[in-house]
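Structure data (PDB, C-alpha atoms and all ligand atoms) from model_16.pdb:
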```pdb
ATOM      1  CA  MET A   1      39.185  62.504   2.095
ATOM      2  CA  ASP A   2      38.226  59.855   4.670
ATOM      3  CA  ASP A   3      39.216  57.255   2.101
ATOM      4  CA  ILE A   4      42.741  58.703   1.867
ATOM      5  CA  LEU A   5      43.051  58.707   5.666
ATOM      6  CA  ALA A   6      41.881  55.083   5.783
ATOM      7  CA  ARG A   7      44.451  54.175   3.107
ATOM      8  CA  ILE A   8      47.284  55.842   5.054
ATOM      9  CA  ALA A   9      46.172  54.058   8.239
ATOM     10  CA  LEU A  10      46.077  50.727   6.422
ATOM     11  CA  CYS A  11      49.602  51.268   5.042
ATOM     12  CA  VAL A  12      50.948  52.083   8.509
ATOM     13  CA  GLU A  13      49.211  49.142  10.181
ATOM     14  CA  SER A  14      50.451  46.820   7.428
ATOM     15  CA  GLY A  15      53.990  48.249   7.325
ATOM     16  CA  LYS A  16      53.693  49.400   3.700
ATOM     17  CA  THR A  17      56.263  52.218   3.466
ATOM     18  CA  ASP A  18      56.222  53.101  -0.244
ATOM     19  CA  LYS A  19      55.445  51.731  -3.689
ATOM     20  CA  ALA A  20      58.922  50.222  -4.102
ATOM     21  CA  SER A  21      58.652  48.204  -0.898
ATOM     22  CA  PRO A  22      57.811  44.525  -1.489
ATOM     23  CA  TYR A  23      56.407  44.271   2.060
ATOM     24  CA  PRO A  24      53.769  43.132   2.807
ATOM     25  CA  PRO A  25      53.585  40.741  -0.153
ATOM     26  CA  GLY A  26      49.814  41.271  -0.495
ATOM     27  CA  MET A  27      50.357  45.006  -1.194
ATOM     28  CA  LYS A  28      53.304  44.675  -3.591
ATOM     29  CA  GLY A  29      53.245  47.329  -6.345
ATOM     30  CA  GLN A  30      50.684  49.499  -4.522
ATOM     31  CA  ASP A  31      51.306  53.016  -3.248
ATOM     32  CA  GLY A  32      52.498  53.157   0.358
ATOM     33  CA  ALA A  33      52.299  55.587   3.283
ATOM     34  CA  ASP A  34      54.866  57.821   1.536
ATOM     35  CA  GLU A  35      52.959  58.395  -1.731
ATOM     36  CA  ILE A  36      49.489  58.508  -0.180
ATOM     37  CA  THR A  37      50.504  61.054   2.490
ATOM     38  CA  LYS A  38      52.081  63.255  -0.206
ATOM     39  CA  LEU A  39      48.847  63.048  -2.202
ATOM     40  CA  ALA A  40      46.751  63.813   0.894
ATOM     41  CA  ILE A  41      48.717  67.014   1.542
ATOM     42  CA  GLU A  42      48.530  68.030  -2.129
ATOM     43  CA  GLU A  43      44.754  67.561  -1.936
ATOM     44  CA  GLY A  44      44.611  69.905   1.039
ATOM     45  CA  LEU A  45      44.266  67.515   3.968
ATOM     46  CA  GLY A  46      45.803  69.166   7.027
ATOM     47  CA  PRO A  47      48.773  67.466   8.716
ATOM     48  CA  ALA A  48      46.921  67.466  12.064
ATOM     49  CA  ARG A  49      44.102  65.389  10.539
ATOM     50  CA  ILE A  50      46.585  62.976   8.979
ATOM     51  CA  LEU A  51      48.293  62.582  12.359
ATOM     52  CA  ASP A  52      45.106  62.376  14.470
ATOM     53  CA  GLU A  53      42.882  60.362  12.140
ATOM     54  CA  ALA A  54      45.362  58.073  10.388
ATOM     55  CA  LEU A  55      48.793  57.732  12.047
ATOM     56  CA  ILE A  56      47.793  57.811  15.726
ATOM     57  CA  PRO A  57      44.925  55.287  15.455
ATOM     58  CA  ALA A  58      47.012  53.032  13.184
ATOM     59  CA  MET A  59      49.975  53.037  15.578
ATOM     60  CA  ALA A  60      47.628  52.512  18.548
ATOM     61  CA  ALA A  61      46.158  49.456  16.785
ATOM     62  CA  VAL A  62      49.686  48.168  16.125
ATOM     63  CA  GLY A  63      50.641  48.750  19.769
ATOM     64  CA  GLU A  64      47.567  46.924  21.070
ATOM     65  CA  ARG A  65      48.191  43.965  18.763
ATOM     66  CA  TYR A  66      51.828  43.839  19.928
ATOM     67  CA  SER A  67      50.722  43.934  23.592
ATOM     68  CA  ARG A  68      48.317  41.031  22.880
ATOM     69  CA  LYS A  69      51.225  39.179  21.185
ATOM     70  CA  GLU A  70      49.324  38.975  17.886
ATOM     71  CA  ILE A  71      52.294  40.592  16.120
ATOM     72  CA  TYR A  72      56.000  40.739  17.002
ATOM     73  CA  VAL A  73      58.984  43.115  16.858
ATOM     74  CA  PRO A  74      59.547  42.846  13.060
ATOM     75  CA  GLN A  75      55.938  43.819  12.232
ATOM     76  CA  MET A  76      56.070  46.663  14.722
ATOM     77  CA  LEU A  77      59.339  47.893  13.183
ATOM     78  CA  MET A  78      57.775  47.817   9.700
ATOM     79  CA  ALA A  79      54.749  49.764  10.976
ATOM     80  CA  ALA A  80      57.064  52.347  12.555
ATOM     81  CA  LYS A  81      59.006  52.579   9.286
ATOM     82  CA  ALA A  82      55.778  53.202   7.360
ATOM     83  CA  MET A  83      54.772  55.807   9.941
ATOM     84  CA  ASN A  84      58.133  57.551   9.454
ATOM     85  CA  SER A  85      57.675  57.644   5.685
ATOM     86  CA  SER A  86      54.380  59.438   6.275
ATOM     87  CA  MET A  87      55.769  61.652   9.067
ATOM     88  CA  LYS A  88      58.528  63.011   6.829
ATOM     89  CA  HIS A  89      55.812  64.898   4.893
ATOM     90  CA  LEU A  90      54.241  66.204   8.119
ATOM     91  CA  LYS A  91      57.412  67.213   9.988
ATOM     92  CA  PRO A  92      57.903  70.561   8.165
ATOM     93  CA  PHE A  93      54.466  71.663   9.438
ATOM     94  CA  PHE A  94      55.351  70.697  13.019
ATOM     95  CA  THR A  95      58.767  72.344  12.970
ATOM     96  CA  SER A  96      57.306  75.552  11.533
ATOM     97  CA  GLY A  97      54.812  75.571  14.446
ATOM     98  CA  GLU A  98      51.862  75.480  12.017
ATOM     99  CA  THR A  99      50.644  72.235  13.601
ATOM    100  CA  LYS A 100      50.985  71.424  17.303
ATOM    101  CA  ARG A 101      52.202  68.216  18.931
ATOM    102  CA  LYS A 102      50.732  66.776  22.124
ATOM    103  CA  GLY A 103      53.875  67.529  24.129
ATOM    104  CA  LYS A 104      57.558  66.636  24.355
ATOM    105  CA  PHE A 105      59.022  63.337  25.433
ATOM    106  CA  ILE A 106      62.696  62.946  26.258
ATOM    107  CA  ILE A 107      63.924  59.361  26.070
ATOM    108  CA  GLY A 108      67.217  57.548  26.520
ATOM    109  CA  THR A 109      68.839  54.330  27.661
ATOM    110  CA  VAL A 110      70.498  54.893  31.009
ATOM    111  CA  SER A 111      74.191  55.269  31.700
ATOM    112  CA  GLY A 112      76.348  52.184  31.006
ATOM    113  CA  ASP A 113      73.674  50.541  28.841
ATOM    114  CA  LEU A 114      73.997  50.284  25.044
ATOM    115  CA  HIS A 115      70.746  48.459  24.257
ATOM    116  CA  ASP A 116      68.475  50.600  22.101
ATOM    117  CA  ILE A 117      66.092  48.379  20.125
ATOM    118  CA  GLY A 118      63.328  48.511  22.731
ATOM    119  CA  LYS A 119      63.966  52.180  23.496
ATOM    120  CA  ASN A 120      63.686  53.028  19.789
ATOM    121  CA  LEU A 121      60.390  51.155  19.539
ATOM    122  CA  VAL A 122      59.011  53.063  22.507
ATOM    123  CA  ALA A 123      60.191  56.357  20.956
ATOM    124  CA  MET A 124      58.571  55.502  17.604
ATOM    125  CA  MET A 125      55.270  54.517  19.194
ATOM    126  CA  ILE A 126      55.129  57.660  21.331
ATOM    127  CA  GLU A 127      55.949  59.738  18.263
ATOM    128  CA  GLY A 128      53.115  57.875  16.531
ATOM    129  CA  GLY A 129      50.942  58.943  19.461
ATOM    130  CA  GLY A 130      51.510  62.559  18.452
ATOM    131  CA  TRP A 131      54.400  63.562  20.735
ATOM    132  CA  GLU A 132      57.651  65.259  19.800
ATOM    133  CA  ILE A 133      60.566  62.985  20.654
ATOM    134  CA  ILE A 134      63.935  64.111  21.952
ATOM    135  CA  ASP A 135      65.978  60.932  21.725
ATOM    136  CA  LEU A 136      69.212  61.163  23.698
ATOM    137  CA  GLY A 137      70.404  57.739  22.549
ATOM    138  CA  VAL A 138      72.185  55.188  24.718
ATOM    139  CA  ASP A 139      74.524  55.396  27.728
ATOM    140  CA  VAL A 140      72.835  58.628  28.795
ATOM    141  CA  SER A 141      74.098  60.218  32.013
ATOM    142  CA  ALA A 142      71.778  61.888  34.507
ATOM    143  CA  ASP A 143      73.489  65.159  33.629
ATOM    144  CA  LYS A 144      72.603  64.775  29.954
ATOM    145  CA  PHE A 145      68.953  64.114  30.895
ATOM    146  CA  LEU A 146      69.015  67.216  33.107
ATOM    147  CA  LYS A 147      70.351  69.392  30.283
ATOM    148  CA  ALA A 148      67.630  68.114  27.943
ATOM    149  CA  ILE A 149      64.932  68.780  30.572
ATOM    150  CA  GLU A 150      66.230  72.306  31.075
ATOM    151  CA  ALA A 151      66.184  72.908  27.310
ATOM    152  CA  ASN A 152      62.628  71.493  27.065
ATOM    153  CA  PRO A 153      60.579  72.671  30.062
ATOM    154  CA  GLY A 154      57.440  70.626  30.673
ATOM    155  CA  ALA A 155      58.779  67.584  28.853
ATOM    156  CA  PHE A 156      58.098  64.051  30.072
ATOM    157  CA  VAL A 157      61.024  61.669  30.491
ATOM    158  CA  GLY A 158      61.437  57.995  29.616
ATOM    159  CA  LEU A 159      64.278  55.797  30.855
ATOM    160  CA  SER A 160      65.095  52.389  29.443
ATOM    161  CA  ALA A 161      67.424  49.768  30.971
ATOM    162  CA  LEU A 162      68.154  46.253  29.722
ATOM    163  CA  LEU A 163      70.785  45.094  32.190
ATOM    164  CA  THR A 164      70.339  44.228  35.833
ATOM    165  CA  THR A 165      73.588  46.132  36.425
ATOM    166  CA  THR A 166      72.315  49.340  34.782
ATOM    167  CA  MET A 167      69.005  49.253  36.680
ATOM    168  CA  GLU A 168      71.043  50.779  39.494
ATOM    169  CA  ASN A 169      71.893  53.702  37.193
ATOM    170  CA  MET A 170      68.179  54.065  36.422
ATOM    171  CA  LYS A 171      67.599  54.464  40.159
ATOM    172  CA  LYS A 172      70.373  57.077  40.436
ATOM    173  CA  THR A 173      69.074  58.964  37.406
ATOM    174  CA  VAL A 174      65.536  59.098  38.818
ATOM    175  CA  ALA A 175      66.926  60.410  42.133
ATOM    176  CA  VAL A 176      68.947  63.177  40.413
ATOM    177  CA  LEU A 177      66.072  64.225  38.129
ATOM    178  CA  LYS A 178      63.440  64.167  40.883
ATOM    179  CA  GLU A 179      65.653  66.210  43.204
ATOM    180  CA  LYS A 180      65.837  69.035  40.655
ATOM    181  CA  HIS A 181      62.377  68.584  39.113
ATOM    182  CA  PRO A 182      60.100  66.897  41.688
ATOM    183  CA  GLY A 183      56.921  67.427  39.662
ATOM    184  CA  MET A 184      58.285  65.970  36.436
ATOM    185  CA  LYS A 185      56.844  62.634  35.286
ATOM    186  CA  ILE A 186      59.335  59.822  34.673
ATOM    187  CA  LEU A 187      58.389  56.637  32.820
ATOM    188  CA  VAL A 188      60.574  53.555  33.051
ATOM    189  CA  GLY A 189      60.808  50.275  31.175
ATOM    190  CA  GLY A 190      63.054  47.562  29.809
ATOM    191  CA  ALA A 191      63.190  43.796  30.203
ATOM    192  CA  PRO A 192      64.468  43.570  33.812
ATOM    193  CA  VAL A 193      62.390  46.506  35.107
ATOM    194  CA  THR A 194      59.169  45.818  37.019
ATOM    195  CA  ARG A 195      56.286  47.840  38.453
ATOM    196  CA  GLU A 196      57.638  47.153  41.960
ATOM    197  CA  TYR A 197      61.067  48.463  40.956
ATOM    198  CA  CYS A 198      59.486  51.557  39.433
ATOM    199  CA  GLU A 199      57.721  52.281  42.724
ATOM    200  CA  LYS A 200      60.838  51.522  44.750
ATOM    201  CA  ILE A 201      62.999  54.027  42.863
ATOM    202  CA  GLY A 202      60.332  56.751  42.847
ATOM    203  CA  ALA A 203      59.571  56.802  39.117
ATOM    204  CA  ASP A 204      55.999  57.613  38.083
ATOM    205  CA  PHE A 205      55.016  54.895  35.657
ATOM    206  CA  TYR A 206      56.189  51.497  34.471
ATOM    207  CA  SER A 207      55.086  49.907  31.248
ATOM    208  CA  PRO A 208      56.183  46.497  29.981
ATOM    209  CA  ASP A 209      55.578  47.628  26.390
ATOM    210  CA  PRO A 210      55.375  50.799  24.268
ATOM    211  CA  GLN A 211      51.585  51.002  24.119
ATOM    212  CA  GLY A 212      51.271  51.207  27.894
ATOM    213  CA  ALA A 213      53.510  54.290  27.804
ATOM    214  CA  VAL A 214      51.463  55.816  24.952
ATOM    215  CA  ASN A 215      48.214  55.214  26.888
ATOM    216  CA  TYR A 216      49.627  56.703  30.102
ATOM    217  CA  LEU A 217      50.741  59.875  28.307
ATOM    218  CA  LYS A 218      47.281  60.486  26.774
ATOM    219  CA  GLN A 219      45.982  62.088  29.991
ATOM    220  CA  PHE A 220      48.689  64.787  29.772
ATOM    221  CA  ALA A 221      48.322  65.683  26.083
ATOM    222  CA  VAL A 222      48.041  69.447  25.505
TER     223      VAL A 222
HETATM  224 CO1  LIG A 301      72.595  42.304  25.391
HETATM  225  N1  LIG A 301      71.966  41.427  27.015
HETATM  226  N2  LIG A 301      74.344  42.598  26.230
HETATM  227  N3  LIG A 301      73.133  42.994  23.672
HETATM  228  N4  LIG A 301      70.992  41.591  24.708
HETATM  229  C1  LIG A 301      70.565  40.994  27.029
HETATM  230  C2  LIG A 301      69.665  42.106  27.582
HETATM  231  C3  LIG A 301      70.641  39.724  27.963
HETATM  232  C4  LIG A 301      69.308  39.411  28.670
HETATM  233  C5  LIG A 301      71.166  38.519  27.145
HETATM  234  C6  LIG A 301      71.339  37.280  27.993
HETATM  235  O1  LIG A 301      72.317  37.145  28.680
HETATM  236  N5  LIG A 301      70.378  36.370  27.945
HETATM  237  C7  LIG A 301      71.810  40.113  28.942
HETATM  238  C8  LIG A 301      71.382  40.865  30.199
HETATM  239  C9  LIG A 301      71.494  39.996  31.444
HETATM  240  C10 LIG A 301      71.167  40.757  32.657
HETATM  241  O2  LIG A 301      71.481  41.880  32.856
HETATM  242  N6  LIG A 301      70.491  40.066  33.542
HETATM  243  C11 LIG A 301      72.688  40.950  28.039
HETATM  244  C12 LIG A 301      74.069  41.178  28.246
HETATM  245  C13 LIG A 301      74.690  40.480  29.445
HETATM  246  C14 LIG A 301      74.835  41.999  27.400
HETATM  247  C15 LIG A 301      76.314  42.335  27.528
HETATM  248  C16 LIG A 301      76.824  42.615  28.954
HETATM  249  C17 LIG A 301      77.071  41.171  26.867
HETATM  250  C18 LIG A 301      78.583  41.251  26.985
HETATM  251  O3  LIG A 301      79.170  42.119  26.399
HETATM  252  N7  LIG A 301      79.110  40.387  27.808
HETATM  253  C19 LIG A 301      76.461  43.587  26.613
HETATM  254  C20 LIG A 301      76.218  44.874  27.404
HETATM  255  C21 LIG A 301      76.540  46.085  26.584
HETATM  256  C22 LIG A 301      76.085  47.327  27.308
HETATM  257  O4  LIG A 301      74.931  47.663  27.214
HETATM  258  N8  LIG A 301      76.986  47.965  28.043
HETATM  259  C23 LIG A 301      75.345  43.349  25.657
HETATM  260  C24 LIG A 301      75.355  43.806  24.358
HETATM  261  C25 LIG A 301      74.353  43.608  23.417
HETATM  262  C26 LIG A 301      74.449  43.993  21.952
HETATM  263  C27 LIG A 301      75.194  45.312  21.732
HETATM  264  C28 LIG A 301      75.189  42.900  21.246
HETATM  265  C29 LIG A 301      72.927  43.967  21.522
HETATM  266  C30 LIG A 301      72.250  45.337  21.644
HETATM  267  C31 LIG A 301      72.035  45.974  20.268
HETATM  268  C32 LIG A 301      71.160  47.161  20.388
HETATM  269  O5  LIG A 301      70.298  47.305  21.236
HETATM  270  N9  LIG A 301      71.403  48.050  19.464
HETATM  271  C33 LIG A 301      72.328  43.066  22.585
HETATM  272  C34 LIG A 301      71.072  42.430  22.445
HETATM  273  C35 LIG A 301      70.379  42.580  21.094
HETATM  274  C36 LIG A 301      70.471  41.691  23.478
HETATM  275  C37 LIG A 301      69.190  40.831  23.444
HETATM  276  C38 LIG A 301      69.518  39.602  22.613
HETATM  277  C39 LIG A 301      67.951  41.491  22.859
HETATM  278  C40 LIG A 301      67.560  42.811  23.495
HETATM  279  C41 LIG A 301      66.466  43.406  22.670
HETATM  280  O6  LIG A 301      66.715  44.276  21.842
HETATM  281  N10 LIG A 301      65.245  42.901  22.826
HETATM  282  C42 LIG A 301      68.954  40.514  24.967
HETATM  283  C43 LIG A 301      68.462  39.100  25.217
HETATM  284  C44 LIG A 301      66.998  38.967  24.961
HETATM  285  O7  LIG A 301      66.214  39.833  25.325
HETATM  286  N11 LIG A 301      66.636  37.870  24.357
HETATM  287  C45 LIG A 301      70.221  40.919  25.603
HETATM  288  C46 LIG A 301      64.088  43.307  21.958
HETATM  289  C47 LIG A 301      63.473  44.598  22.480
HETATM  290  C48 LIG A 301      62.296  44.973  21.591
HETATM  291  O8  LIG A 301      62.983  44.349  23.783
HETATM  292  O9  LIG A 301      64.603  45.999  24.846
HETATM  293  O10 LIG A 301      63.096  44.520  26.273
HETATM  294  P1  LIG A 301      63.315  45.282  25.031
HETATM  295  O11 LIG A 301      62.219  46.440  24.957
HETATM  296  C49 LIG A 301      60.853  46.153  25.082
HETATM  297  C50 LIG A 301      60.325  46.292  26.511
HETATM  298  O12 LIG A 301      61.296  45.993  27.498
HETATM  299  C51 LIG A 301      59.796  47.695  26.561
HETATM  300  O13 LIG A 301      59.320  47.930  25.245
HETATM  301  C52 LIG A 301      60.134  47.242  24.297
HETATM  302  C53 LIG A 301      59.238  46.707  23.214
HETATM  303  O14 LIG A 301      58.373  45.736  23.717
HETATM  304  N12 LIG A 301      60.652  48.808  26.946
HETATM  305  C54 LIG A 301      60.108  49.921  27.504
HETATM  306  C55 LIG A 301      61.959  49.027  26.761
HETATM  307  N13 LIG A 301      62.302  50.222  27.207
HETATM  308  C56 LIG A 301      61.180  50.822  27.659
HETATM  309  C57 LIG A 301      60.955  52.089  28.195
HETATM  310  C58 LIG A 301      59.635  52.425  28.545
HETATM  311  C59 LIG A 301      58.600  51.517  28.405
HETATM  312  C60 LIG A 301      58.811  50.261  27.869
HETATM  313  O15 LIG A 301      59.304  53.629  29.070
HETATM  314  C61 LIG A 301      60.253  54.654  29.042
END
```

Translate the structure of the given file into structure tokens.
Amino acid sequence: MDDILARIALCVESGKTDKASPYPPGMKGQDGADEITKLAIEEGLGPARILDEALIPAMAAVGERYSRKEIYVPQMLMAAKAMNSSMKHLKPFFTSGETKRKGKFIIGTVSGDLHDIGKNLVAMMIEGGGWEIIDLGVDVSADKFLKAIEANPGAFVGLSALLTTTMENMKKTVAVLKEKHPGMKILVGGAPVTREYCEKIGADFYSPDPQGAVNYLKQFAV
């Protein structure tokens, strides 16, 4: 059983999605996260164990390596893709309520901003950390965030901004959300955003990369 978990973790860390995938070249022709996860479930391994003992540690390792600049965006995207090919076998158990997630995380790129590559990476890494993601997409108004918060009480919120012009909308969004939900935690990030800016606009946490956000959320996991 531990061997299967180690194999899934290796596939995710290496970005090996399924047998047909030629990436990484050293694993060509071998089963990937897709086939091995299916086998693990058929052999009776619970989805919570697969998530906690294979996907989460593998994605954490990927996140740490990315933060240390040992790997770059393409490798992280491949790891996230492999994680998704494993997650597709686990999702039915989560949606049926049979297996619990660590909490809910609402994420979006703020109003006026269409950049989503970084936001998607953050969403994938937080999902890999065991959280349910509600991805509102790009150009998200404060009102849309509010509606999502009201539909998902207790959720955490992540705002991404890539333009100096839309940082102002991040500030406005934080003000609107905090006015209605003062106790709610808001995480912010994106290339022009800084820790100082986060403090200035009254958000709760700034991370320059996805792993920082994953690590911050750990203390709140249910
Ligand atoms: Co745009 N763009 N762009 N662009 N674009 C930048 C951001 C820019 C720096 C390019 C430049 O001029 N050198 C510049 C901004 C300048 C500024 O504001 N100071 C710029 C501009 C000006 C524009 C337009 C205005 C161009 C025009 O039309 N005249 C326009 C704006 C459109 C709009 O949003 N309204 C525009 C459009 C576009 C495209 C649509 C063509 C495309 C976006 C495609 C897409 O996202 N689907 C695009 C792209 C790709 C870029 C660059 C090249 C790359 C951005 C990116 O994806 N980086 C960018 C220049 C550059 O960075 N070299 C540029 C990779 C990504 C992984 O990093 O998003 O920073 P990043 O996310 C990181 C971290 O920031 C962090 O984690 C991620 C992973 O490490 N992070 C978080 C992000 N969100 C987080 C949230 C968190 C925590 C961490 O917690 C919640």

*Have a look at atom C7 of ligand LIG 301 (chain A) and CA of Thr164 (chain A) and let me know their distance in Å, one decimal.*
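Taking atom C7 of ligand LIG 301 (chain A) as the start and CA of Thr164 (chain A) as the end point, the length is 8.2 Å.
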
*Could you state which residues are captured by the PyMOL selection byres (((not hetatm)) within 6 of (chain A and resi 301)) in this file, as a count of residues only?*
27

*Interatomic distance between CA of Asn84 (chain A) and CA of Phe205 (chain A)?*
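Taking CA of Asn84 (chain A) as the start and CA of Phe205 (chain A) as the end point, the length is 26.5 Å.
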
*Considering only C-alpha atoms, return as a list in words whatever protein or nucleic-acid residues lie within 7 Å of region 27-39 of chain A, sequence-local ones (same chain, fewer than 3 positions apart) excluded.*
Ile8, Cys11, Val12, Lys16, Thr17, Asp18, Lys19, Ala20, Ser21, Pro22, Tyr23, Pro24, Glu42, Glu43, Ala82, Ser85, Ser86 and His89 of chain A

*Two-atom distance - CA of Leu55 (chain A), CA of Val193 (chain A) (Å)*: 29.0 Å

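In terms of minimum interatomic distance to Asn120 (chain A), A:Leu77 ranks closest within A:Leu77, A:Cys198, A:Leu90, A:Ile50, counting all atoms listed in the file.
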
Using the partial input, fill out region 126-152 of chain A with N, CA and C atoms; write the result as a compact mmCIF listing (two decimals), keeping the file's coordinate frame.
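Everything below was put into out_13.txt:
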```txt
# COMPACT_ATOMS: atom_id res chain seq x y z
N ILE A 126 55.57 56.41 20.68
CA ILE A 126 55.13 57.66 21.33
C ILE A 126 55.07 58.78 20.29
N GLU A 127 56.02 58.76 19.37
CA GLU A 127 55.95 59.74 18.26
C GLU A 127 54.66 59.50 17.47
N GLY A 128 54.36 58.23 17.24
CA GLY A 128 53.12 57.88 16.53
C GLY A 128 51.88 58.28 17.32
N GLY A 129 52.04 58.48 18.62
CA GLY A 129 50.94 58.94 19.46
C GLY A 129 50.80 60.46 19.43
N GLY A 130 51.66 61.12 18.65
CA GLY A 130 51.51 62.56 18.45
C GLY A 130 52.47 63.42 19.26
N TRP A 131 53.46 62.81 19.89
CA TRP A 131 54.40 63.56 20.74
C TRP A 131 55.69 63.86 19.98
N GLU A 132 56.32 64.97 20.36
CA GLU A 132 57.65 65.26 19.80
C GLU A 132 58.68 64.50 20.64
N ILE A 133 59.58 63.81 19.95
CA ILE A 133 60.57 62.98 20.65
C ILE A 133 61.93 63.66 20.66
N ILE A 134 62.53 63.69 21.85
CA ILE A 134 63.94 64.11 21.95
C ILE A 134 64.68 62.86 22.40
N ASP A 135 65.32 62.21 21.45
CA ASP A 135 65.98 60.93 21.72
C ASP A 135 67.45 61.17 22.04
N LEU A 136 67.83 60.90 23.28
CA LEU A 136 69.21 61.16 23.70
C LEU A 136 70.13 59.97 23.43
N GLY A 137 69.57 58.89 22.92
CA GLY A 137 70.40 57.74 22.55
C GLY A 137 70.65 56.78 23.70
N VAL A 138 71.85 56.19 23.70
CA VAL A 138 72.18 55.19 24.72
C VAL A 138 73.26 55.74 25.66
N ASP A 139 73.47 55.01 26.78
CA ASP A 139 74.52 55.40 27.73
C ASP A 139 74.37 56.86 28.15
N VAL A 140 73.14 57.22 28.51
CA VAL A 140 72.83 58.63 28.80
C VAL A 140 73.00 58.91 30.30
N SER A 141 73.85 59.86 30.60
CA SER A 141 74.10 60.22 32.01
C SER A 141 72.93 61.04 32.55
N ALA A 142 72.83 61.08 33.87
CA ALA A 142 71.78 61.89 34.51
C ALA A 142 71.95 63.35 34.11
N ASP A 143 73.20 63.77 33.99
CA ASP A 143 73.49 65.16 33.63
C ASP A 143 72.95 65.50 32.23
N LYS A 144 73.11 64.55 31.32
CA LYS A 144 72.60 64.78 29.95
C LYS A 144 71.07 64.87 29.96
N PHE A 145 70.42 64.01 30.77
CA PHE A 145 68.95 64.11 30.90
C PHE A 145 68.58 65.49 31.45
N LEU A 146 69.33 65.92 32.49
CA LEU A 146 69.02 67.22 33.11
C LEU A 146 69.10 68.35 32.09
N LYS A 147 70.18 68.32 31.28
CA LYS A 147 70.35 69.39 30.28
C LYS A 147 69.19 69.40 29.30
N ALA A 148 68.75 68.20 28.90
CA ALA A 148 67.63 68.11 27.94
C ALA A 148 66.34 68.62 28.58
N ILE A 149 66.15 68.32 29.87
CA ILE A 149 64.93 68.78 30.57
C ILE A 149 64.95 70.31 30.66
N GLU A 150 66.14 70.84 30.97
CA GLU A 150 66.23 72.31 31.08
C GLU A 150 65.99 72.99 29.73
N ALA A 151 66.40 72.33 28.65
CA ALA A 151 66.18 72.91 27.31
C ALA A 151 64.74 72.71 26.83
N ASN A 152 64.00 71.80 27.50
CA ASN A 152 62.63 71.49 27.06
C ASN A 152 61.69 71.47 28.27
```
